[in-house]
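In what follows, a single structure is set out as structure tokens and then discussed.
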Amino acid sequence: MLRKSRGTARRTTARTATVAAAVAMLATATPYVAFADGPATASDGSVVNTTPPAQPEEAVTDVPADQVGVVPKDDTKPPSAGNAPAVEQCDQANVYLPKTKGKQYHQGVGPTNSNYNNTSRTAKSTFTSEVTGSVGVSVSAGLTISINALIGKIEQKYDVHLSASLTAKLGNTISVDTPPKTTTNAKYGVYRLKNTGISYRIYSNCESSPQKTVTSYTPLKVGWYLWEN
């Protein structure tokens with residue numbers, strides 16, 4: 001009985017040692033792989049995108065800095081009430097109502113910086129802005145109020161802080177990881193908030209002009225836009 005017990009103990013010990021050795025080999029040969037919960041980010045928290053910055057699809061016009069307080073001229077005549085006597089009198093007013101808050105669009109200042117990682121390992125790419133430039137408001141036709149008034153309306157409705165113009169300055173630096181065999185592109189500039197609203201005029205005879213849909217892109221913040229390809 002004692003001999004049989006010693007043989008069983010030896011076989012059990014051998015099996016335990018074999019399993020332990022296999023686990024040790026597996027732990028050594030199989031590295032731990034961490035999976036990111038979201039897109040890659042740069043040193044300032046900017047998200048690394050997969051496409052270049054989108055451009056406005058609408059026909060918009062850049063508003064000069066010295067014109068942001070000017071109310072657009074009204075070259076139209078108020079609708080006629082015909083031969084009926086005027087019985088109502090209204091205060092003339094220019095109206096703008098924000099309707100839809102869109103996404104942020106990046107308007108670059110200066111050239112696009114690019115770096116290709118030709119190695120088999122992730123490498124650090126560092127970019128520095130090369131010029132200083134300002135970005136203002138762009139708006140489609142039909143607005144009846146000033147740009148400053150437009151900004152106030154949008155800020156009030158959506159609780160955001162906008163500017164008539166923002167400046168992206170020379171010398172700002174950002175760092176980001178570039179995967180193997182990948183190009184990282186970086187552009188410094190201004191993010192602008194897209195908004196769509198309606199605008200019209202109210203005349204003294206209480207008639208209104210046709211409502212027009214107005215799209216605007218208003219400076220929100222300065223920053224980098226990054227993308228890989």
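Naming works like this for the structure tokens: A, B, ... for the chains as they're shown, residue 1 at the start of each chain, ligands 1 onward in shown order.
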With a cut-off of 7 Å, could you pull out the residues of region 157-216 of chain A touching region 130-149 of chain A and give me the nearest pair of atoms for each, distance in Å to one decimal, using only C-alpha atoms, ordered by chain and ascending number, as CSV?
residue,atom,partner,partner_atom,distance
A:Ala164,CA,A:Gly136,CA,5.6
A:Ser165,CA,A:Gly136,CA,4.2
A:Leu166,CA,A:Ser134,CA,5.5
A:Thr167,CA,A:Ser134,CA,4.1
A:Ala168,CA,A:Gly133,CA,5.5
A:Lys169,CA,A:Thr132,CA,4.2
A:Leu170,CA,A:Val131,CA,4.6
A:Gly171,CA,A:Glu130,CA,6.3
A:Val190,CA,A:Val135,CA,6.5
A:Ser199,CA,A:Leu143,CA,5.7
A:Tyr200,CA,A:Thr144,CA,6.2
A:Arg201,CA,A:Thr144,CA,6.8
A:Lys212,CA,A:Gly142,CA,5.8
A:Val214,CA,A:Ser140,CA,5.6
A:Thr215,CA,A:Ser140,CA,5.4
A:Ser216,CA,A:Val139,CA,4.3
Restricting it to C-alpha atoms, dump the selection as a PDB file, in the first residue's frame.
ATOM      1  CA  ALA A 164     -16.744  86.926 -34.925  1.00  0.00           C
ATOM      2  CA  SER A 165     -13.080  86.025 -35.519  1.00  0.00           C
ATOM      3  CA  LEU A 166     -10.388  83.810 -33.958  1.00  0.00           C
ATOM      4  CA  THR A 167      -6.649  83.739 -34.652  1.00  0.00           C
ATOM      5  CA  ALA A 168      -4.512  80.598 -34.973  1.00  0.00           C
ATOM      6  CA  LYS A 169      -0.937  81.582 -34.128  1.00  0.00           C
ATOM      7  CA  LEU A 170       2.506  80.579 -35.314  1.00  0.00           C
ATOM      8  CA  GLY A 171       4.498  78.133 -33.178  1.00  0.00           C
ATOM      9  CA  VAL A 190     -10.171  77.284 -36.249  1.00  0.00           C
ATOM     10  CA  SER A 199     -34.427  85.102 -41.457  1.00  0.00           C
ATOM     11  CA  TYR A 200     -36.992  87.634 -42.665  1.00  0.00           C
ATOM     12  CA  ARG A 201     -38.206  91.228 -42.274  1.00  0.00           C
ATOM     13  CA  LYS A 212     -35.127  82.413 -46.099  1.00  0.00           C
ATOM     14  CA  VAL A 214     -29.611  80.922 -43.684  1.00  0.00           C
ATOM     15  CA  THR A 215     -26.572  78.756 -42.922  1.00  0.00           C
ATOM     16  CA  SER A 216     -23.677  80.156 -40.926  1.00  0.00           C
TER      17      SER A 216
END
Checklist line | Those in region 130-209 of chain A with strand (DSSP E) from DSSP, as JSON, numbers by chain | finding: {"A": [133, 134, 135, 136, 138, 139, 165, 166, 167, 168, 173, 174, 175, 176, 177, 178, 182, 183, 184, 185, 186, 187, 188, 189, 190, 191, 192, 193, 194, 195, 196, 197, 198, 199, 200, 201, 202]}
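For the pair CA of Glu58 (chain A) and CA of Tyr96 (chain A), the separation is 18.5 Å.
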Next item on the list: Fewer than 2 positions away in the same chain doesn't count, so skip those; otherwise give me all residues within 9 Å of Arg192 (chain A), counting only C-alpha atoms, as a count of residues only.
Entry: 17
Item checked: helix (DSSP H, G or I) call set, DSSP backbone run, region 106-183 of chain A, as JSON, numbers by chain -> {"A": [147, 148, 149, 150, 151, 152, 153, 154, 155, 156, 157, 158]}
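Atom to atom, CA of Thr51 (chain A) and CA of Thr112 (chain A) stand 13.2 Å apart.
Atom pair CA of Asn229 (chain A) / CA of Lys181 (chain A) has a distance of 9.3 Å (rounded to one decimal).
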